[in-house]
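Colleague: Questions regarding the structure given below will be posed in turn.
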Amino acid sequence: MRSTTSQHLNRTGLSNAPKLARELVQGTRSTRPSSEGNAESMASVRIAYSRNGEPVGSIPPPDPEAAPSKALAGAPIFLDKLGERLAFERSGVRLYDALLSKFDAFGTWKNGPARADLEEIRKDEFAHFMMLRQAMVDLGGDPTAVTPSADVHGVASQGLVAVLADPRTTLGQSLEAILVAELVDNDCWENLSDLATALGKEELAEKFQDALTEEREHLRRVRSWLGAALNQTATGELGDVFLARAKERERRTAGRAAERQVKTKRKRSGSAKPKRASARNGAKKASKRGAKTGRRRAQAR
């Protein structure tokens with residue numbers, strides 16, 4: 001593993017040239033701003049632009065021939081968020097492609113990732129992408145369209161791509177960017193699963209929950225690899241503090257997963273009760289109608 005903490009001349013700080021630093025500060029005091037205004041003026045301009053600006057993209061309407069007419073009635077946000085995850089998982093495959101190149105260039109460290117580990121996660125990301133693509137098609141959406149949320153996440157994650165594409169960054173530094181992506185991925189899969197459950201799409205919600213379980217494992221692995229690298233760089237060995245924290249995180253993750261499963265079961269059982277009640281009510285009404293009809297027939301005789 002190539003060291004990123006070796007000490008060499010760094011020209012980015014003012015302490016390298018204190019005389020020039022004083023001259024620089026003096027220059028800022030003697031030079032007038034190029035325009036009038038302050039932070040409040042800048043904020044007012046941002047507010048004006050925000051109020052008058054166009055929205056970030058749009059959500060294409062579902063294809064009426066490809067999806068049932070009631071499939072997503074009143075819930076375009078679901079297509080928007082599907083498009084977001086679709087684009088992010090596609091980018092995730094590319095991020096792990098770049099990470100594999102870093103592995104081939106620099107190798108790993110003790111308790112760090114093996115190439116097979118990275119290939120497995122890449123395979124999971126691609127499987128998630130294909131599952132989301134099929135879900136979008138089944139619902140009548142266009143999997144190639146960039147929805148508003150997909151656009152926002154694409155802009156927000158540009159820095160992650162830049163880190164992994166930079167030839168100067170190491171495997172460890174690239175994993176720092178992957179950690180950011182995995183943290184976002186975990187929260188967004190939770191939101192998508194909850195949204196599917198709220199819309200009554202239980203089959204999709206289960207698929208999303210399965211993907212979330214895999215993403216949690218990705219996050220656990222990345223955290224473990226990074227922690228091992230940091231500990232060994234600092235002390236030359238795996239510290240007890242790191243090992244204890246890793247075990248505690250695994251315990252909390254398992255606890256949250258169990259709680260989430262219980263909540264999901266309660267939601268599903270709760271949504272099923274009104275249906276059973278309505279069925280009983282319907283049976284009672286039918287029996288009453290039958291009784292009335294029988295009395296009328298008896299009277300007619």
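Lettering and numbering for the structure tokens are positional, with chains as A, B, ... in the shown order, residues counted from 1 in each chain, and ligands counted from 1 in the shown order.
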Counting only C-alpha atoms, what is within 10 Å of Asp124 (chain A), bar same-chain residues fewer than 5 positions away, as a PyMOL selection string?
Modeller: chain A and resi 89+92-93+118-119+129-130+211+214-215+218
Colleague: Can you pull out every residue within 10 Å of Leu204 (chain A), counting only C-alpha atoms, but drop anything in the same chain fewer than 4 positions away, and send it as a PyMOL selection string?
Modeller: chain A and resi 131-132+135+192-193+195-197+200+208-210
Colleague: Residues as selected, N, CA and C atoms, written as a PDB file, in the first residue's frame, can you do that?
Modeller:
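For reference, selection.pdb as written:
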ATOM      1  N   MET A 131     -32.427  -4.721 -11.770  1.00  0.00           N
ATOM      2  CA  MET A 131     -33.717  -4.867 -11.087  1.00  0.00           C
ATOM      3  C   MET A 131     -34.521  -3.576 -11.158  1.00  0.00           C
ATOM      4  N   LEU A 132     -33.856  -2.446 -10.935  1.00  0.00           N
ATOM      5  CA  LEU A 132     -34.534  -1.154 -11.004  1.00  0.00           C
ATOM      6  C   LEU A 132     -34.984  -0.839 -12.425  1.00  0.00           C
ATOM      7  N   ALA A 135     -38.100  -2.775 -13.043  1.00  0.00           N
ATOM      8  CA  ALA A 135     -39.208  -2.172 -12.296  1.00  0.00           C
ATOM      9  C   ALA A 135     -39.728  -0.929 -13.008  1.00  0.00           C
ATOM     10  N   LEU A 192     -36.679   4.465  -0.612  1.00  0.00           N
ATOM     11  CA  LEU A 192     -37.392   3.867  -1.734  1.00  0.00           C
ATOM     12  C   LEU A 192     -38.251   2.687  -1.275  1.00  0.00           C
ATOM     13  N   SER A 193     -37.716   1.887  -0.360  1.00  0.00           N
ATOM     14  CA  SER A 193     -38.490   0.760   0.173  1.00  0.00           C
ATOM     15  C   SER A 193     -39.718   1.252   0.931  1.00  0.00           C
ATOM     16  N   LEU A 195     -41.264   4.081   0.486  1.00  0.00           N
ATOM     17  CA  LEU A 195     -42.180   4.678  -0.481  1.00  0.00           C
ATOM     18  C   LEU A 195     -42.995   3.599  -1.189  1.00  0.00           C
ATOM     19  N   ALA A 196     -42.332   2.501  -1.568  1.00  0.00           N
ATOM     20  CA  ALA A 196     -43.042   1.403  -2.219  1.00  0.00           C
ATOM     21  C   ALA A 196     -44.081   0.799  -1.282  1.00  0.00           C
ATOM     22  N   THR A 197     -43.733   0.648  -0.001  1.00  0.00           N
ATOM     23  CA  THR A 197     -44.679   0.115   0.972  1.00  0.00           C
ATOM     24  C   THR A 197     -45.870   1.041   1.140  1.00  0.00           C
ATOM     25  N   GLY A 200     -48.372   0.652  -1.517  1.00  0.00           N
ATOM     26  CA  GLY A 200     -48.983  -0.659  -1.637  1.00  0.00           C
ATOM     27  C   GLY A 200     -48.296  -1.605  -2.599  1.00  0.00           C
ATOM     28  N   PHE A 208     -36.600  -4.165  -2.839  1.00  0.00           N
ATOM     29  CA  PHE A 208     -35.777  -3.039  -2.389  1.00  0.00           C
ATOM     30  C   PHE A 208     -35.167  -3.331  -1.027  1.00  0.00           C
ATOM     31  N   GLN A 209     -35.918  -4.044  -0.180  1.00  0.00           N
ATOM     32  CA  GLN A 209     -35.393  -4.392   1.141  1.00  0.00           C
ATOM     33  C   GLN A 209     -34.222  -5.360   1.005  1.00  0.00           C
ATOM     34  N   ASP A 210     -34.322  -6.281   0.053  1.00  0.00           N
ATOM     35  CA  ASP A 210     -33.204  -7.204  -0.199  1.00  0.00           C
ATOM     36  C   ASP A 210     -31.972  -6.437  -0.673  1.00  0.00           C
TER      37      ASP A 210
END
Colleague: CA of Arg115 (chain A) to CA of Ala98 (chain A): how many Å, to one decimal?
Modeller: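 These two atoms are separated by 12.3 Å.
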Colleague: Please provide as a list in words all residues within 9 Å of Lys102 (chain A), with the sequence filter that same-chain residues fewer than 2 positions apart are discarded (counting only C-alpha atoms).
Modeller: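 Near Lys102 (chain A), the qualifying residues are Ala98, Leu99, Leu100, Asp104, Ala105, Phe106, Gly107, Leu164, Pro167, Thr169, Thr170, Leu171, Gly172 and Ser174 of chain A.
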Colleague: Could you check which of A:Ala145, A:Thr31, A:His8, A:Lys110 is closest to Ile59 (chain A), using only C-alpha atoms?
Modeller: A:Ala145
Colleague: Within 12 Å of Ala162 (chain A), counting only C-alpha atoms, which residues qualify if same-chain residues fewer than 4 places away don't, as a list in words?
Modeller: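 These residues fall inside the cut-off: Arg94, Leu95, Ala98, Val155, Ala156, Ser157, Gln158, Asp166, Pro167, Arg168, Thr169, Gln173, Ser174, Ala177 and Ile178 of chain A.
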Colleague: Among region 12-124 of chain A, which residues does DSSP mark as helix (DSSP H, G or I) when it is run on the backbone? Keep the chain and numbering as in the structure and answer as JSON, numbers by chain.
Modeller: {"A": [14, 15, 16, 18, 19, 20, 21, 22, 23, 24, 25, 26, 27, 28, 29, 30, 39, 40, 41, 42, 43, 44, 45, 46, 47, 48, 49, 50, 51, 52, 76, 77, 78, 79, 80, 81, 82, 83, 84, 85, 86, 87, 88, 89, 90, 91, 92, 93, 94, 95, 96, 97, 98, 99, 100, 101, 102, 103, 104, 105, 106, 115, 116, 117, 118, 119, 120, 121, 122, 123, 124]}
Colleague: I need the chosen residues saved as a PDB file, in the first residue's frame, with C-alpha atoms.
Modeller:
ATOM      1  CA  LEU A  14       0.986  30.555   4.327  1.00  0.00           C
ATOM      2  CA  SER A  15       3.650  29.448   6.819  1.00  0.00           C
ATOM      3  CA  ASN A  16       6.031  28.633   3.931  1.00  0.00           C
ATOM      4  CA  PRO A  18       5.399  34.513   6.139  1.00  0.00           C
ATOM      5  CA  LYS A  19       6.629  37.759   4.531  1.00  0.00           C
ATOM      6  CA  LEU A  20       4.595  37.194   1.388  1.00  0.00           C
ATOM      7  CA  ALA A  21       1.663  36.202   3.579  1.00  0.00           C
ATOM      8  CA  ARG A  22       1.718  39.571   5.351  1.00  0.00           C
ATOM      9  CA  GLU A  23       1.898  41.368   2.011  1.00  0.00           C
ATOM     10  CA  LEU A  24      -1.045  39.325   0.757  1.00  0.00           C
ATOM     11  CA  VAL A  25      -3.183  40.241   3.765  1.00  0.00           C
ATOM     12  CA  GLN A  26      -2.190  43.897   3.434  1.00  0.00           C
ATOM     13  CA  GLY A  27      -3.172  43.801  -0.224  1.00  0.00           C
ATOM     14  CA  THR A  28      -6.674  42.649   0.579  1.00  0.00           C
ATOM     15  CA  ARG A  29      -7.073  45.602   2.960  1.00  0.00           C
ATOM     16  CA  SER A  30      -5.863  48.206   0.504  1.00  0.00           C
ATOM     17  CA  ALA A  39     -23.193  38.664   1.902  1.00  0.00           C
ATOM     18  CA  GLU A  40     -26.809  39.808   2.293  1.00  0.00           C
ATOM     19  CA  SER A  41     -26.785  41.227  -1.240  1.00  0.00           C
ATOM     20  CA  MET A  42     -25.474  37.936  -2.574  1.00  0.00           C
ATOM     21  CA  ALA A  43     -28.189  36.053  -0.695  1.00  0.00           C
ATOM     22  CA  SER A  44     -30.908  38.283  -2.155  1.00  0.00           C
ATOM     23  CA  VAL A  45     -29.643  37.540  -5.674  1.00  0.00           C
ATOM     24  CA  ARG A  46     -29.674  33.792  -4.980  1.00  0.00           C
ATOM     25  CA  ILE A  47     -33.237  34.034  -3.647  1.00  0.00           C
ATOM     26  CA  ALA A  48     -34.386  35.937  -6.733  1.00  0.00           C
ATOM     27  CA  TYR A  49     -32.791  33.430  -9.093  1.00  0.00           C
ATOM     28  CA  SER A  50     -34.286  30.516  -7.128  1.00  0.00           C
ATOM     29  CA  ARG A  51     -37.791  31.958  -7.267  1.00  0.00           C
ATOM     30  CA  ASN A  52     -37.639  32.718 -10.983  1.00  0.00           C
ATOM     31  CA  PRO A  76     -44.978  10.542  -9.928  1.00  0.00           C
ATOM     32  CA  ILE A  77     -42.479  10.848  -7.068  1.00  0.00           C
ATOM     33  CA  PHE A  78     -42.087   7.061  -7.240  1.00  0.00           C
ATOM     34  CA  LEU A  79     -40.887   7.214 -10.845  1.00  0.00           C
ATOM     35  CA  ASP A  80     -38.617  10.098  -9.878  1.00  0.00           C
ATOM     36  CA  LYS A  81     -36.990   8.136  -7.059  1.00  0.00           C
ATOM     37  CA  LEU A  82     -36.761   4.986  -9.159  1.00  0.00           C
ATOM     38  CA  GLY A  83     -34.862   7.030 -11.738  1.00  0.00           C
ATOM     39  CA  GLU A  84     -32.599   8.369  -8.996  1.00  0.00           C
ATOM     40  CA  ARG A  85     -31.630   4.908  -7.731  1.00  0.00           C
ATOM     41  CA  LEU A  86     -31.299   3.631 -11.290  1.00  0.00           C
ATOM     42  CA  ALA A  87     -28.780   6.327 -12.188  1.00  0.00           C
ATOM     43  CA  PHE A  88     -26.907   5.997  -8.891  1.00  0.00           C
ATOM     44  CA  GLU A  89     -26.536   2.214  -9.177  1.00  0.00           C
ATOM     45  CA  ARG A  90     -25.284   2.602 -12.747  1.00  0.00           C
ATOM     46  CA  SER A  91     -22.704   5.086 -11.496  1.00  0.00           C
ATOM     47  CA  GLY A  92     -21.885   2.674  -8.663  1.00  0.00           C
ATOM     48  CA  VAL A  93     -20.849   0.028 -11.180  1.00  0.00           C
ATOM     49  CA  ARG A  94     -18.494   2.512 -12.796  1.00  0.00           C
ATOM     50  CA  LEU A  95     -17.085   3.594  -9.443  1.00  0.00           C
ATOM     51  CA  TYR A  96     -16.193   0.006  -8.595  1.00  0.00           C
ATOM     52  CA  ASP A  97     -14.687  -0.446 -12.062  1.00  0.00           C
ATOM     53  CA  ALA A  98     -12.363   2.445 -11.241  1.00  0.00           C
ATOM     54  CA  LEU A  99     -11.732   1.022  -7.753  1.00  0.00           C
ATOM     55  CA  LEU A 100     -10.633  -2.285  -9.266  1.00  0.00           C
ATOM     56  CA  SER A 101      -8.048  -0.374 -11.312  1.00  0.00           C
ATOM     57  CA  LYS A 102      -6.745   1.208  -8.109  1.00  0.00           C
ATOM     58  CA  PHE A 103      -6.489  -2.250  -6.571  1.00  0.00           C
ATOM     59  CA  ASP A 104      -4.501  -3.537  -9.544  1.00  0.00           C
ATOM     60  CA  ALA A 105      -2.220  -0.510  -9.361  1.00  0.00           C
ATOM     61  CA  PHE A 106      -1.511  -0.428  -5.603  1.00  0.00           C
ATOM     62  CA  ARG A 115     -10.070  -8.256  -5.610  1.00  0.00           C
ATOM     63  CA  ALA A 116     -12.862 -10.831  -5.336  1.00  0.00           C
ATOM     64  CA  ASP A 117     -14.528  -8.651  -2.661  1.00  0.00           C
ATOM     65  CA  LEU A 118     -14.621  -5.635  -4.947  1.00  0.00           C
ATOM     66  CA  GLU A 119     -15.828  -7.722  -7.885  1.00  0.00           C
ATOM     67  CA  GLU A 120     -18.645  -9.123  -5.749  1.00  0.00           C
ATOM     68  CA  ILE A 121     -19.852  -5.660  -4.732  1.00  0.00           C
ATOM     69  CA  ARG A 122     -19.661  -4.485  -8.339  1.00  0.00           C
ATOM     70  CA  LYS A 123     -21.786  -7.481  -9.319  1.00  0.00           C
ATOM     71  CA  ASP A 124     -24.360  -6.540  -6.665  1.00  0.00           C
TER      72      ASP A 124
END
